[in-house]
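So this one's upload-v8.pdb, PDB, C-alpha atoms, pLDDT in the B column:
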ATOM      1  CA  MET A  19      87.208  60.199  98.198  1.00 71.00           C
ATOM      2  CA  ASP A  20      85.245  60.464 101.430  1.00 84.00           C
ATOM      3  CA  SER A  21      86.741  61.498 104.726  1.00 89.00           C
ATOM      4  CA  LYS A  22      87.900  58.782 107.102  1.00 93.00           C
ATOM      5  CA  ILE A  23      87.398  58.458 110.851  1.00 96.00           C
ATOM      6  CA  ILE A  24      90.732  57.386 112.321  1.00 96.00           C
ATOM      7  CA  PRO A  25      91.128  56.552 116.030  1.00 97.00           C
ATOM      8  CA  LEU A  26      94.451  57.645 117.534  1.00 97.00           C
ATOM      9  CA  GLN A  27      95.993  55.338 120.120  1.00 96.00           C
ATOM     10  CA  ASN A  28      98.984  57.363 121.359  1.00 96.00           C
ATOM     11  CA  ILE A  29     101.069  60.525 121.015  1.00 95.00           C
ATOM     12  CA  ASP A  30     103.258  59.023 118.284  1.00 95.00           C
ATOM     13  CA  GLU A  31     100.229  58.407 116.065  1.00 95.00           C
ATOM     14  CA  PHE A  32      99.064  61.958 116.779  1.00 95.00           C
ATOM     15  CA  LYS A  33     102.415  63.403 115.718  1.00 93.00           C
ATOM     16  CA  ALA A  34     102.596  61.256 112.582  1.00 92.00           C
ATOM     17  CA  SER A  35      98.969  61.846 111.601  1.00 91.00           C
ATOM     18  CA  ILE A  36      98.411  65.507 112.393  1.00 92.00           C
ATOM     19  CA  LEU A  37     101.578  67.415 113.222  1.00 88.00           C
ATOM     20  CA  ILE A  38     103.414  66.417 110.050  1.00 81.00           C
ATOM     21  CA  GLU A  39     100.267  66.230 107.959  1.00 72.00           C
ATOM     22  CA  GLU A  40     100.547  68.349 104.813  1.00 73.00           C
ATOM     23  CA  ARG A  41      96.828  68.979 104.635  1.00 86.00           C
ATOM     24  CA  VAL A  42      93.804  69.804 106.750  1.00 92.00           C
ATOM     25  CA  ALA A  43      92.824  67.489 109.624  1.00 94.00           C
ATOM     26  CA  ILE A  44      90.155  67.473 112.329  1.00 96.00           C
ATOM     27  CA  LEU A  45      90.859  66.176 115.840  1.00 97.00           C
ATOM     28  CA  ILE A  46      87.929  65.255 118.111  1.00 98.00           C
ATOM     29  CA  PHE A  47      88.204  64.347 121.784  1.00 98.00           C
ATOM     30  CA  THR A  48      85.546  61.832 122.815  1.00 97.00           C
ATOM     31  CA  ALA A  49      84.906  59.165 125.439  1.00 96.00           C
ATOM     32  CA  GLU A  50      83.376  55.741 124.992  1.00 94.00           C
ATOM     33  CA  TRP A  51      80.665  56.543 127.558  1.00 96.00           C
ATOM     34  CA  CYS A  52      79.797  59.932 126.005  1.00 95.00           C
ATOM     35  CA  GLN A  53      77.135  59.286 123.362  1.00 95.00           C
ATOM     36  CA  PRO A  54      76.961  62.960 122.287  1.00 94.00           C
ATOM     37  CA  SER A  55      80.689  62.809 121.480  1.00 94.00           C
ATOM     38  CA  LEU A  56      80.279  59.675 119.415  1.00 94.00           C
ATOM     39  CA  ASN A  57      77.264  61.158 117.628  1.00 95.00           C
ATOM     40  CA  LEU A  58      79.238  64.299 116.770  1.00 96.00           C
ATOM     41  CA  VAL A  59      81.974  62.251 115.083  1.00 96.00           C
ATOM     42  CA  THR A  60      79.413  60.577 112.820  1.00 95.00           C
ATOM     43  CA  GLN A  61      77.497  63.796 112.190  1.00 95.00           C
ATOM     44  CA  MET A  62      80.670  65.729 111.357  1.00 95.00           C
ATOM     45  CA  LYS A  63      81.849  63.112 108.850  1.00 95.00           C
ATOM     46  CA  LYS A  64      78.453  63.031 107.158  1.00 94.00           C
ATOM     47  CA  GLU A  65      78.237  66.841 106.919  1.00 94.00           C
ATOM     48  CA  LEU A  66      81.851  67.162 105.773  1.00 93.00           C
ATOM     49  CA  ASP A  67      81.361  64.623 102.981  1.00 91.00           C
ATOM     50  CA  GLN A  68      78.059  66.230 101.877  1.00 91.00           C
ATOM     51  CA  GLN A  69      79.581  69.704 101.695  1.00 89.00           C
ATOM     52  CA  ARG A  70      82.633  68.383  99.808  1.00 86.00           C
ATOM     53  CA  LYS A  71      80.295  66.805  97.237  1.00 85.00           C
ATOM     54  CA  ARG A  72      78.464  70.126  96.816  1.00 83.00           C
ATOM     55  CA  LEU A  73      81.814  71.704  95.969  1.00 77.00           C
ATOM     56  CA  SER A  74      82.330  69.064  93.261  1.00 70.00           C
ATOM     57  CA  GLN A  75      85.204  67.622  95.285  1.00 58.00           C
ATOM     58  CA  GLN A  76      87.437  70.613  94.617  1.00 71.00           C
ATOM     59  CA  THR A  77      88.923  69.936  98.036  1.00 73.00           C
ATOM     60  CA  GLY A  78      91.124  67.140  99.270  1.00 75.00           C
ATOM     61  CA  ALA A  79      89.845  64.554 101.718  1.00 79.00           C
ATOM     62  CA  ILE A  80      89.811  65.823 105.282  1.00 90.00           C
ATOM     63  CA  ASN A  81      90.283  63.052 107.807  1.00 93.00           C
ATOM     64  CA  ILE A  82      88.751  63.069 111.276  1.00 96.00           C
ATOM     65  CA  PHE A  83      91.083  61.820 113.983  1.00 96.00           C
ATOM     66  CA  VAL A  84      89.448  60.671 117.211  1.00 97.00           C
ATOM     67  CA  VAL A  85      91.038  60.558 120.665  1.00 98.00           C
ATOM     68  CA  ASP A  86      89.267  58.634 123.415  1.00 97.00           C
ATOM     69  CA  HIS A  87      89.756  60.899 126.417  1.00 93.00           C
ATOM     70  CA  GLU A  88      90.083  57.939 128.785  1.00 94.00           C
ATOM     71  CA  LYS A  89      92.344  55.565 126.846  1.00 94.00           C
ATOM     72  CA  GLU A  90      95.627  55.089 128.642  1.00 92.00           C
ATOM     73  CA  GLY A  91      97.750  55.548 125.508  1.00 94.00           C
ATOM     74  CA  CYS A  92      96.086  58.892 124.766  1.00 95.00           C
ATOM     75  CA  TYR A  93      97.056  60.537 128.056  1.00 94.00           C
ATOM     76  CA  GLN A  94      99.809  62.692 126.517  1.00 95.00           C
ATOM     77  CA  ILE A  95      97.500  63.994 123.792  1.00 96.00           C
ATOM     78  CA  VAL A  96      94.791  64.826 126.332  1.00 96.00           C
ATOM     79  CA  LYS A  97      97.365  66.499 128.580  1.00 95.00           C
ATOM     80  CA  GLN A  98      98.703  68.604 125.699  1.00 94.00           C
ATOM     81  CA  PHE A  99      95.272  69.959 124.709  1.00 94.00           C
ATOM     82  CA  ALA A 100      93.409  69.717 128.046  1.00 93.00           C
ATOM     83  CA  PRO A 101      89.890  69.753 126.567  1.00 95.00           C
ATOM     84  CA  THR A 102      87.456  71.267 129.036  1.00 94.00           C
ATOM     85  CA  THR A 103      84.378  69.441 127.755  1.00 95.00           C
ATOM     86  CA  LEU A 104      83.438  66.523 125.527  1.00 96.00           C
ATOM     87  CA  PRO A 105      83.262  66.505 122.653  1.00 97.00           C
ATOM     88  CA  TYR A 106      86.043  68.967 121.892  1.00 97.00           C
ATOM     89  CA  VAL A 107      87.111  69.628 118.309  1.00 98.00           C
ATOM     90  CA  TYR A 108      90.304  71.113 116.865  1.00 97.00           C
ATOM     91  CA  LEU A 109      91.079  71.974 113.253  1.00 97.00           C
ATOM     92  CA  PHE A 110      94.646  71.731 111.954  1.00 96.00           C
ATOM     93  CA  GLU A 111      96.190  72.928 108.705  1.00 93.00           C
ATOM     94  CA  LYS A 112      99.662  71.680 107.812  1.00 91.00           C
ATOM     95  CA  GLY A 113     100.176  70.598 111.421  1.00 92.00           C
ATOM     96  CA  LYS A 114      99.184  73.954 112.910  1.00 93.00           C
ATOM     97  CA  TYR A 115      96.088  74.494 115.036  1.00 91.00           C
ATOM     98  CA  ILE A 116      93.703  77.041 113.427  1.00 95.00           C
ATOM     99  CA  ALA A 117      90.260  76.647 115.083  1.00 96.00           C
ATOM    100  CA  GLN A 118      88.379  74.866 117.863  1.00 96.00           C
ATOM    101  CA  PHE A 119      85.030  74.450 119.584  1.00 97.00           C
ATOM    102  CA  GLY A 120      83.617  72.457 122.467  1.00 96.00           C
ATOM    103  CA  GLY A 121      80.303  70.739 123.056  1.00 94.00           C
ATOM    104  CA  LEU A 122      77.440  69.941 120.710  1.00 91.00           C
ATOM    105  CA  ASP A 123      77.282  73.252 118.890  1.00 93.00           C
ATOM    106  CA  VAL A 124      75.939  72.600 115.370  1.00 92.00           C
ATOM    107  CA  PHE A 125      76.604  76.200 114.301  1.00 95.00           C
ATOM    108  CA  ALA A 126      80.232  75.943 115.450  1.00 96.00           C
ATOM    109  CA  MET A 127      80.567  72.547 113.750  1.00 95.00           C
ATOM    110  CA  ASN A 128      79.341  73.914 110.420  1.00 94.00           C
ATOM    111  CA  LYS A 129      81.587  76.960 110.763  1.00 96.00           C
ATOM    112  CA  LEU A 130      84.599  74.699 111.413  1.00 96.00           C
ATOM    113  CA  ILE A 131      83.705  72.466 108.448  1.00 94.00           C
ATOM    114  CA  LYS A 132      83.436  75.531 106.193  1.00 93.00           C
ATOM    115  CA  LYS A 133      86.858  76.734 107.382  1.00 94.00           C
ATOM    116  CA  ALA A 134      88.307  73.235 106.848  1.00 93.00           C
ATOM    117  CA  LEU A 135      86.983  73.084 103.287  1.00 91.00           C
ATOM    118  CA  GLU A 136      88.261  76.599 102.498  1.00 89.00           C
ATOM    119  CA  SER A 137      91.695  75.689 103.870  1.00 87.00           C
ATOM    120  CA  SER A 138      91.712  72.434 101.927  1.00 86.00           C
ATOM    121  CA  ARG A 139      90.925  74.246  98.666  1.00 81.00           C
ATOM    122  CA  ALA A 140      93.859  76.593  99.236  1.00 71.00           C
ATOM    123  CA  LEU A 141      96.370  73.731  99.535  1.00 66.00           C
TER     124      LEU A 141
END

Could you take the file, read its structure, and then write that structure out as structure tokens?
Amino acid sequence: MDSKIIPLQNIDEFKASILIEERVAILIFTAEWCQPSLNLVTQMKKELDQQRKRLSQQTGAINIFVVDHEKEGCYQIVKQFAPTTLPYVYLFEKGKYIAQFGGLDVFAMNKLIKKALESSRAL
């Protein structure tokens, strides 16, 4: 099963999708006008799915949750995390934050994906 890209619309969806999630999840802050942010979401999903396939799918699916930094309903999520740049990426395991990076850093993205896959295998 491939990873899914799931847009979050408000704080309640965030809580239900990530904070009580019993597995690994990725949260990415983007903006509709920020093409690098949107490209990172697509690139991260592609790389995540490719690396999972290399591991013979010994890991569970890791979903990518996307928050549009400027959507009115997402204000509380943005306020809680206060990302300093776009894109900004957080990794969660069992509802707890475990890693992050900001900007278009391919090395950091691959490092976060590796950590996500390792965490997913341990669950």

Worksheet item: Exactly which residues make up the result of the PyMOL selection byres ((chain A and resi 60) around 12) on this file, given as a list in words?
Response: Ser21, Lys22, Ile23, Ile24, Ile46, Thr48, Gln53, Pro54, Ser55, Leu56, Asn57, Leu58, Val59, Gln61, Met62, Lys63, Lys64, Glu65, Leu66, Asp67, Ile82, Phe83 and Val84 of chain A

Response to the item:
Counting only C-alpha atoms, the residue among A:Ile29, A:Phe47, A:Arg70, A:Ala34 that lies closest to A:Lys132 is A:Arg70

Practice prompt. Counting all atoms listed in the file, figure out which residue out of A:Cys92, A:Gln68, A:Glu40, A:Val85 gets nearest to A:Asn128.
Written response: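 Of all the options, A:Gln68 lies closest to A:Asn128.
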
Practice prompt. Using all atoms listed in the file, pick whichever of A:Leu37, A:Ala117, A:Met19, A:Leu45 has the shortest atom-to-atom distance to A:Val96.
Written response: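 Distance minimum relative to A:Val96 lands on A:Leu45.
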
Worksheet item: What gap, in Å, lies between atom CA of A:Leu104 and atom CA of A:Arg72?
Response: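 For atom CA of A:Leu104 relative to atom CA of A:Arg72, the distance reads 29.4 Å.
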
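Take atom CA of A:Gln98 and atom CA of A:Ile116: the distance between them is 15.7 Å.
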
Practice prompt. Name the residues that the PyMOL selection byres ((chain A and resi 107-115) around 9) pulls out of this structure, and write them as a ChimeraX atom specification.
Written response: /A:33,35-47,101,104-106,116-121,127,130-131,133-134,137-138

Discussion item. So, with all atoms listed in the file as the atoms that count, which of A:Asp20, A:Gln76, A:Val124, A:Asn28 lies closest to A:Lys97?
Written reply: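 Nearest candidate to A:Lys97 out of A:Asp20, A:Gln76, A:Val124, A:Asn28: A:Asn28.
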
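The two atoms in question, atom CA of A:Ala79 and atom CA of A:Lys129, are spaced 17.4 Å apart.
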
8 Å per side around stretch 55-63 of chain A: axis-aligned box centre and edge lengths, as JSON:
{"center_x": 79.6, "center_y": 62.7, "center_z": 115.2, "size_x": 20.7, "size_y": 22.1, "size_z": 28.6}
